[in-house]
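As provided, start-v3.txt (compact mmCIF, C-alpha atoms) reads as follows.
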```txt
# COMPACT_ATOMS: atom_id res chain seq x y z
CA MET A 1 0.00 0.00 0.00
CA PRO A 2 1.61 3.32 -1.09
CA THR A 3 1.94 5.98 1.61
CA ALA A 4 1.40 9.70 1.10
CA ILE A 5 1.96 13.12 2.67
CA ILE A 6 0.11 16.33 1.82
CA ILE A 7 1.80 19.74 2.05
CA GLU A 8 -1.09 22.21 1.76
CA ASP A 9 -1.93 25.41 3.67
CA ASN A 10 -5.57 25.65 2.59
CA PRO A 11 -7.76 23.54 4.93
CA VAL A 12 -10.57 23.26 2.38
CA ALA A 13 -8.19 22.14 -0.39
CA LYS A 14 -6.59 19.62 1.99
CA GLU A 15 -9.93 18.12 3.05
CA ASN A 16 -11.08 18.01 -0.57
CA LEU A 17 -7.93 16.11 -1.56
CA LEU A 18 -8.27 13.71 1.39
CA LEU A 19 -11.90 13.00 0.49
CA HIS A 20 -11.09 12.27 -3.16
CA LEU A 21 -8.15 10.06 -2.18
CA SER A 22 -10.40 8.07 0.14
CA ASP A 23 -13.08 7.64 -2.52
CA TYR A 24 -10.98 7.14 -5.66
CA CYS A 25 -7.57 5.95 -4.40
CA PRO A 26 -8.33 3.86 -1.29
CA GLU A 27 -5.01 2.02 -1.69
CA VAL A 28 -3.14 5.21 -0.68
CA GLU A 29 -2.36 5.43 3.06
CA MET A 30 -2.12 9.02 4.35
CA ILE A 31 0.65 9.32 6.94
CA GLY A 32 0.96 13.07 7.44
CA HIS A 33 0.08 16.64 6.56
CA ALA A 34 1.82 19.99 6.93
CA PRO A 35 0.67 23.54 6.05
CA SER A 36 4.04 25.20 5.54
CA VAL A 37 7.55 24.90 4.13
CA ILE A 38 9.20 24.56 7.54
CA GLN A 39 6.74 22.05 8.96
CA GLY A 40 6.74 20.17 5.68
CA ALA A 41 10.53 19.86 5.73
CA LYS A 42 10.41 18.52 9.30
CA LEU A 43 7.73 16.00 8.37
CA LEU A 44 9.64 14.76 5.34
CA ARG A 45 12.80 14.33 7.39
CA GLN A 46 10.83 12.03 9.71
CA HIS A 47 9.00 10.04 7.03
CA SER A 48 9.70 8.76 3.51
CA PRO A 49 6.33 8.60 1.74
CA ASP A 50 5.81 7.01 -1.64
CA LEU A 51 3.71 9.97 -2.81
CA LEU A 52 3.97 13.67 -2.00
CA PHE A 53 1.12 16.04 -2.83
CA LEU A 54 2.88 19.40 -2.82
CA ASP A 55 1.17 22.79 -3.03
CA ILE A 56 3.11 25.45 -4.94
CA GLU A 57 2.14 28.49 -2.84
CA LEU A 58 2.41 27.91 0.92
CA GLU A 59 2.02 30.27 3.86
CA ASP A 60 5.77 30.74 4.35
CA GLY A 61 7.14 30.18 0.85
CA THR A 62 6.73 27.79 -2.07
CA GLY A 63 6.92 24.08 -2.76
CA PHE A 64 10.21 24.77 -4.53
CA ASP A 65 11.61 26.28 -1.32
CA LEU A 66 10.71 23.06 0.47
CA LEU A 67 12.54 20.92 -2.11
CA GLU A 68 15.59 23.18 -1.92
CA ILE A 69 15.69 22.92 1.89
CA LEU A 70 15.75 19.15 1.55
CA GLY A 71 18.55 19.41 -0.99
CA GLY A 72 16.64 17.45 -3.61
CA LYS A 73 16.63 14.40 -1.32
CA VAL A 74 12.96 13.57 -1.74
CA GLU A 75 12.45 10.00 -2.89
CA ALA A 76 8.66 10.34 -3.08
CA LYS A 77 6.89 10.63 -6.41
CA ILE A 78 5.76 14.26 -6.41
CA ILE A 79 2.36 15.48 -7.62
CA PHE A 80 2.17 19.27 -7.53
CA THR A 81 -1.15 20.94 -6.71
CA THR A 82 -1.72 24.44 -8.00
CA ALA A 83 -4.28 27.13 -8.78
CA LEU A 84 -1.81 28.98 -11.00
CA ASP A 85 -2.35 30.21 -14.56
CA HIS A 86 -1.67 28.67 -17.96
CA PHE A 87 1.99 29.74 -17.93
CA ALA A 88 2.55 27.48 -14.92
CA VAL A 89 0.67 24.63 -16.61
CA LYS A 90 2.98 24.95 -19.63
CA ALA A 91 5.99 24.75 -17.30
CA PHE A 92 4.70 21.52 -15.76
CA ARG A 93 4.13 19.99 -19.19
CA PHE A 94 7.60 20.81 -20.48
CA ALA A 95 9.19 19.40 -17.32
CA ALA A 96 7.05 16.25 -17.66
CA VAL A 97 5.96 16.69 -14.06
CA ASP A 98 2.55 15.62 -12.80
CA TYR A 99 0.26 18.33 -11.48
CA LEU A 100 -3.34 18.81 -10.41
CA LEU A 101 -5.24 22.06 -10.87
CA LYS A 102 -7.41 23.21 -7.97
CA PRO A 103 -10.16 22.40 -7.35
CA VAL A 104 -8.87 18.88 -7.84
CA ASP A 105 -10.83 16.69 -10.22
CA PRO A 106 -11.15 13.17 -8.71
CA GLU A 107 -10.63 11.36 -12.02
CA GLU A 108 -7.49 13.39 -12.75
CA LEU A 109 -6.30 12.61 -9.22
CA GLU A 110 -6.77 8.88 -9.80
CA GLU A 111 -4.84 9.07 -13.07
CA ALA A 112 -2.03 11.08 -11.48
CA VAL A 113 -1.63 8.55 -8.67
CA GLN A 114 -1.42 5.69 -11.18
CA ARG A 115 1.21 7.56 -13.24
CA ALA A 116 3.19 8.49 -10.15
CA LYS A 117 3.61 4.84 -9.22
CA ALA A 118 5.63 4.34 -12.39
CA GLN A 119 7.62 7.57 -12.50
CA LEU A 120 10.41 9.22 -10.57
CA PHE A 121 10.94 12.96 -10.18
CA ASN A 122 14.59 13.90 -10.61
CA GLN A 123 16.75 16.96 -10.00
CA GLN A 124 16.89 17.90 -13.69
CA GLN A 125 13.11 18.02 -13.86
CA PHE A 126 13.01 20.17 -10.73
CA ASP A 127 15.59 22.57 -12.19
CA LEU A 128 13.68 22.82 -15.47
CA LEU A 129 10.34 23.37 -13.74
CA SER A 130 11.76 25.92 -11.28
CA GLU A 131 13.41 27.80 -14.17
CA GLN A 132 10.21 27.94 -16.20
CA MET A 133 8.04 29.04 -13.27
CA LYS A 134 10.10 32.23 -13.09
CA THR A 135 9.33 33.34 -16.64
CA SER A 136 6.47 33.31 -19.16
CA ALA A 137 8.93 32.91 -22.03
CA ALA A 138 8.72 29.79 -24.15
CA PRO A 139 10.93 27.01 -22.70
CA ASP A 140 13.98 25.94 -24.70
CA ARG A 141 14.18 22.47 -23.14
CA ILE A 142 11.75 19.62 -22.55
CA ALA A 143 11.78 16.47 -20.40
CA LEU A 144 11.21 13.22 -22.28
CA HIS A 145 10.41 9.95 -20.50
CA THR A 146 11.79 6.74 -21.98
CA GLN A 147 11.50 3.32 -20.36
CA GLU A 148 15.06 3.65 -19.03
CA LYS A 149 15.33 7.28 -17.84
CA ILE A 150 14.20 10.89 -18.15
CA HIS A 151 16.06 12.95 -20.76
CA ILE A 152 16.21 16.76 -20.66
CA VAL A 153 16.73 17.85 -24.28
CA ASP A 154 17.12 21.05 -26.28
CA ILE A 155 13.95 21.62 -28.30
CA ASN A 156 15.89 23.30 -31.10
CA GLN A 157 17.74 20.02 -31.75
CA ILE A 158 14.56 18.02 -32.39
CA VAL A 159 14.05 17.35 -36.12
CA ARG A 160 10.74 15.50 -35.96
CA CYS A 161 8.50 13.15 -33.99
CA GLU A 162 6.82 9.99 -35.23
CA SER A 163 3.91 8.09 -33.72
CA MET A 164 4.61 4.52 -32.65
CA SER A 165 1.20 3.39 -31.39
CA ASN A 166 1.14 4.48 -27.71
CA TYR A 167 4.74 5.67 -27.94
CA CYS A 168 6.49 8.44 -29.86
CA ARG A 169 9.94 8.36 -31.47
CA PHE A 170 11.96 11.59 -31.41
CA TYR A 171 14.62 12.22 -34.05
CA PHE A 172 17.45 14.67 -33.32
CA GLU A 173 19.85 16.72 -35.41
CA SER A 174 22.72 14.58 -34.10
CA GLY A 175 21.11 11.44 -35.48
CA GLU A 176 20.09 10.22 -32.02
CA LYS A 177 16.63 8.71 -31.56
CA LEU A 178 14.52 8.36 -28.41
CA LEU A 179 11.41 6.22 -27.95
CA VAL A 180 9.25 8.17 -25.52
CA THR A 181 6.47 6.67 -23.40
CA LYS A 182 3.80 9.19 -24.46
CA THR A 183 1.67 9.59 -27.58
CA LEU A 184 2.36 11.98 -30.44
CA LYS A 185 -0.87 13.83 -29.67
CA SER A 186 0.40 14.75 -26.20
CA PHE A 187 3.35 16.61 -27.76
CA GLU A 188 1.45 18.35 -30.57
CA GLN A 189 -0.10 20.99 -28.29
CA THR A 190 3.00 21.33 -26.12
CA LEU A 191 5.34 22.02 -29.04
CA LYS A 192 3.10 24.08 -31.31
CA ASP A 193 4.65 27.38 -30.14
CA HIS A 194 8.09 26.07 -31.16
CA ALA A 195 7.38 25.87 -34.92
CA PHE A 196 6.27 22.22 -34.87
CA LEU A 197 3.51 21.24 -37.30
CA ARG A 198 1.38 18.09 -37.45
CA VAL A 199 1.51 17.14 -41.15
CA HIS A 200 0.16 13.62 -40.91
CA GLN A 201 -1.57 11.36 -38.40
CA SER A 202 1.81 9.85 -37.58
CA HIS A 203 4.17 12.80 -38.03
CA LEU A 204 5.01 16.05 -36.26
CA VAL A 205 7.82 18.04 -37.91
CA HIS A 206 10.03 20.91 -36.76
CA LEU A 207 9.71 23.50 -39.53
CA PRO A 208 13.32 24.83 -39.43
CA TYR A 209 14.44 21.34 -40.52
CA VAL A 210 12.15 21.21 -43.57
CA LYS A 211 14.21 21.37 -46.76
CA ALA A 212 11.46 21.17 -49.38
CA PHE A 213 7.88 20.19 -50.09
CA VAL A 214 7.80 17.67 -52.92
CA LYS A 215 4.48 17.54 -54.76
CA GLN A 216 4.99 14.12 -56.39
CA ASP A 217 3.85 10.83 -54.86
CA GLY A 218 0.95 12.46 -53.06
CA GLY A 219 3.15 15.13 -51.48
CA TYR A 220 5.86 14.77 -48.88
CA LEU A 221 8.36 16.86 -46.93
CA LEU A 222 12.06 16.38 -47.54
CA MET A 223 13.84 17.03 -44.23
CA LYS A 224 17.40 18.28 -43.83
CA ASP A 225 18.39 14.90 -42.36
CA GLY A 226 17.30 13.22 -45.60
CA SER A 227 14.07 11.73 -44.29
CA LYS A 228 10.85 11.90 -46.33
CA ILE A 229 7.70 12.67 -44.35
CA PRO A 230 4.28 12.06 -45.95
CA VAL A 231 1.76 14.90 -45.89
CA SER A 232 -1.89 13.90 -45.52
CA VAL A 233 -4.41 15.23 -48.04
CA ARG A 234 -6.27 17.27 -45.45
CA LYS A 235 -3.02 18.80 -44.15
CA ARG A 236 -1.62 19.70 -47.56
CA SER A 237 -3.09 23.23 -47.83
CA LEU A 238 -1.99 24.03 -44.27
CA VAL A 239 1.54 22.85 -45.00
CA VAL A 240 1.73 24.84 -48.25
CA SER A 241 0.46 28.04 -46.59
CA THR A 242 2.69 27.61 -43.55
CA LEU A 243 5.77 27.16 -45.70
CA GLY A 244 4.72 30.12 -47.89
CA MET A 245 4.64 28.11 -51.10
```
Whole structure, structure tokens version:
Amino acid sequence: MPTAIIIEDNPVAKENLLLHLSDYCPEVEMIGHAPSVIQGAKLLRQHSPDLLFLDIELEDGTGFDLLEILGGKVEAKIIFTTALDHFAVKAFRFAAVDYLLKPVDPEELEEAVQRAKAQLFNQQQFDLLSEQMKTSAAPDRIALHTQEKIHIVDINQIVRCESMSNYCRFYFESGEKLLVTKTLKSFEQTLKDHAFLRVHQSHLVHLPYVKAFVKQDGGYLLMKDGSKIPVSVRKRSLVVSTLGM
């Protein structure tokens, strides 16, 4: 049975989370709660929960302050809880970190708990998330989960992404490839502000790496790495207009 601690300074939000956990995640055993950075740090030095529900804005600081006090030595799978705006949500997505928007939706809570059982939060993800929370500028890095580890990569070095059923293969300028444990659809929205375009059901391309649009054979994109990416019929006009052809 996984154990959990809640760091939350809002009594209503805490009780709401406890109620949903009891109803939708009865396998989770709650072993403690703290309303502040200082009390939370003390609690986490005494216990080593499997799950940590961590509020971003606490009465004496932030959830990031708590993690820094502990020197990154938190072995729990972290699920951030936040009422912050869309810029913060974008930061969580790029860092591949689980989060729940308040008020917490019970079904999203259940899904987050299931994901957390299979994922680890590492220092690189924390650094990336902390960095992005300080600015509304578009991130230049993204965290990618493979079955072996979490990779923090430069978005500008991604050439294209290809759907592999419930996985997604990333192709890089260096020739490296990564098979990521998320679907292509999950990256389409995340990367759209970085000049990525969905040109086919199975392909998302980074426009700076497009060399030419070839009209023969139904139409395909010739990439700078030599790969040929098919363009679907319904995406053809969008591709042509986007490339200014």
Please, what distance in Å, to one decimal, runs between CA of Ile155 in chain A and CA of Val205 in chain A?
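Those two atoms sit 11.9 Å apart.
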I'd like to know which of A:Leu52, A:Leu204, A:Leu43, A:Leu109 is closest to Leu21 in chain A, using only C-alpha atoms.
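Of all the options, A:Leu109 lies closest to Leu21 in chain A.
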Point (9.1, 11.6, -37.2), cut-off 8 Å, counting all atoms listed in the file, residues as a ChimeraX atom specification:
/A:159-163,169-171,202-205,229
If we count only C-alpha atoms, what is near range 177-181 of chain A at a cut-off of 8 Å, once residues fewer than 2 positions away on the same chain are taken out, given as a compact mmCIF listing (two decimals) with C-alpha atoms, in the coordinates of the input?
```
# COMPACT_ATOMS: atom_id res chain seq x y z
CA LEU A 144 11.21 13.22 -22.28
CA HIS A 145 10.41 9.95 -20.50
CA THR A 146 11.79 6.74 -21.98
CA GLN A 147 11.50 3.32 -20.36
CA ASN A 166 1.14 4.48 -27.71
CA TYR A 167 4.74 5.67 -27.94
CA CYS A 168 6.49 8.44 -29.86
CA ARG A 169 9.94 8.36 -31.47
CA PHE A 170 11.96 11.59 -31.41
CA TYR A 171 14.62 12.22 -34.05
CA PHE A 172 17.45 14.67 -33.32
CA GLY A 175 21.11 11.44 -35.48
CA THR A 183 1.67 9.59 -27.58
```
Figure out the distance between CA of Arg141 in chain A and CA of Glu173 in chain A, please, to one decimal in Å.
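If I compute the distance from CA of Glu173 in chain A to CA of Arg141 in chain A, I get 14.7 Å.
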A straight line from CA of Glu59 in chain A to CA of Asp23 in chain A spans 27.9 Å
Which one of A:Arg236, A:Val74, A:Ser186, A:Leu207 sits closest to Tyr220 in chain A if you count all atoms listed in the file?
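Looking only at the distances to Tyr220 in chain A, the closest residue turns out to be A:Arg236.
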Please rebuild range 27-38 of chain A with all heavy atoms and return the result as a compact mmCIF listing (two decimals), keeping the file's coordinate frame.
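Saved as out.txt:
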```
# COMPACT_ATOMS: atom_id res chain seq x y z
N GLU A 27 -6.26 2.75 -1.96
CA GLU A 27 -5.01 2.02 -1.69
C GLU A 27 -3.93 2.93 -1.11
O GLU A 27 -2.91 2.44 -0.60
CB GLU A 27 -4.50 1.36 -2.99
CG GLU A 27 -3.87 2.30 -4.01
CD GLU A 27 -4.86 3.01 -4.90
OE1 GLU A 27 -6.07 2.97 -4.59
OE2 GLU A 27 -4.43 3.60 -5.91
N VAL A 28 -4.14 4.26 -1.19
CA VAL A 28 -3.14 5.21 -0.68
C VAL A 28 -3.34 5.44 0.81
O VAL A 28 -4.43 5.82 1.25
CB VAL A 28 -3.23 6.56 -1.44
CG1 VAL A 28 -2.26 7.56 -0.83
CG2 VAL A 28 -2.94 6.35 -2.92
N GLU A 29 -2.30 5.23 1.60
CA GLU A 29 -2.36 5.43 3.06
C GLU A 29 -1.77 6.80 3.41
O GLU A 29 -0.59 7.06 3.17
CB GLU A 29 -1.57 4.34 3.79
CG GLU A 29 -1.55 4.52 5.29
CD GLU A 29 -0.63 3.54 5.98
OE1 GLU A 29 0.02 2.73 5.27
OE2 GLU A 29 -0.54 3.59 7.23
N MET A 30 -2.58 7.69 3.98
CA MET A 30 -2.12 9.02 4.35
C MET A 30 -1.38 8.95 5.69
O MET A 30 -1.93 8.48 6.68
CB MET A 30 -3.32 9.97 4.46
CG MET A 30 -2.94 11.43 4.54
SD MET A 30 -1.97 11.99 3.12
CE MET A 30 -3.01 11.44 1.76
N ILE A 31 -0.14 9.41 5.71
CA ILE A 31 0.65 9.32 6.94
C ILE A 31 1.04 10.68 7.53
O ILE A 31 1.71 10.74 8.56
CB ILE A 31 1.94 8.49 6.71
CG1 ILE A 31 2.82 9.14 5.64
CG2 ILE A 31 1.59 7.06 6.37
CD1 ILE A 31 4.18 8.45 5.50
N GLY A 32 0.62 11.78 6.87
CA GLY A 32 0.96 13.07 7.44
C GLY A 32 0.51 14.24 6.59
O GLY A 32 0.25 14.10 5.40
N HIS A 33 0.45 15.40 7.25
CA HIS A 33 0.08 16.64 6.56
C HIS A 33 0.81 17.80 7.22
O HIS A 33 1.05 17.81 8.44
CB HIS A 33 -1.43 16.88 6.65
CG HIS A 33 -1.80 18.31 6.43
ND1 HIS A 33 -2.09 19.17 7.46
CD2 HIS A 33 -1.88 19.05 5.29
CE1 HIS A 33 -2.36 20.37 6.97
NE2 HIS A 33 -2.24 20.32 5.66
N ALA A 34 1.18 18.79 6.41
CA ALA A 34 1.82 19.99 6.93
C ALA A 34 1.35 21.18 6.11
O ALA A 34 1.13 21.06 4.90
CB ALA A 34 3.34 19.88 6.88
N PRO A 35 1.19 22.37 6.76
CA PRO A 35 0.67 23.54 6.05
C PRO A 35 1.74 24.52 5.59
O PRO A 35 1.42 25.54 5.00
CB PRO A 35 -0.21 24.19 7.12
CG PRO A 35 0.53 23.92 8.40
CD PRO A 35 1.17 22.56 8.22
N SER A 36 3.01 24.22 5.84
CA SER A 36 4.04 25.20 5.54
C SER A 36 5.34 24.54 5.07
O SER A 36 5.51 23.32 5.19
CB SER A 36 4.33 26.05 6.79
OG SER A 36 4.93 25.24 7.80
N VAL A 37 6.24 25.38 4.58
CA VAL A 37 7.55 24.90 4.13
C VAL A 37 8.33 24.29 5.29
O VAL A 37 8.85 23.17 5.18
CB VAL A 37 8.36 26.06 3.50
CG1 VAL A 37 9.80 25.62 3.24
CG2 VAL A 37 7.71 26.53 2.20
N ILE A 38 8.41 25.02 6.40
CA ILE A 38 9.20 24.56 7.54
C ILE A 38 8.65 23.28 8.13
O ILE A 38 9.39 22.31 8.37
CB ILE A 38 9.28 25.66 8.63
CG1 ILE A 38 9.95 26.92 8.08
CG2 ILE A 38 10.03 25.14 9.85
CD1 ILE A 38 11.34 26.71 7.55
```
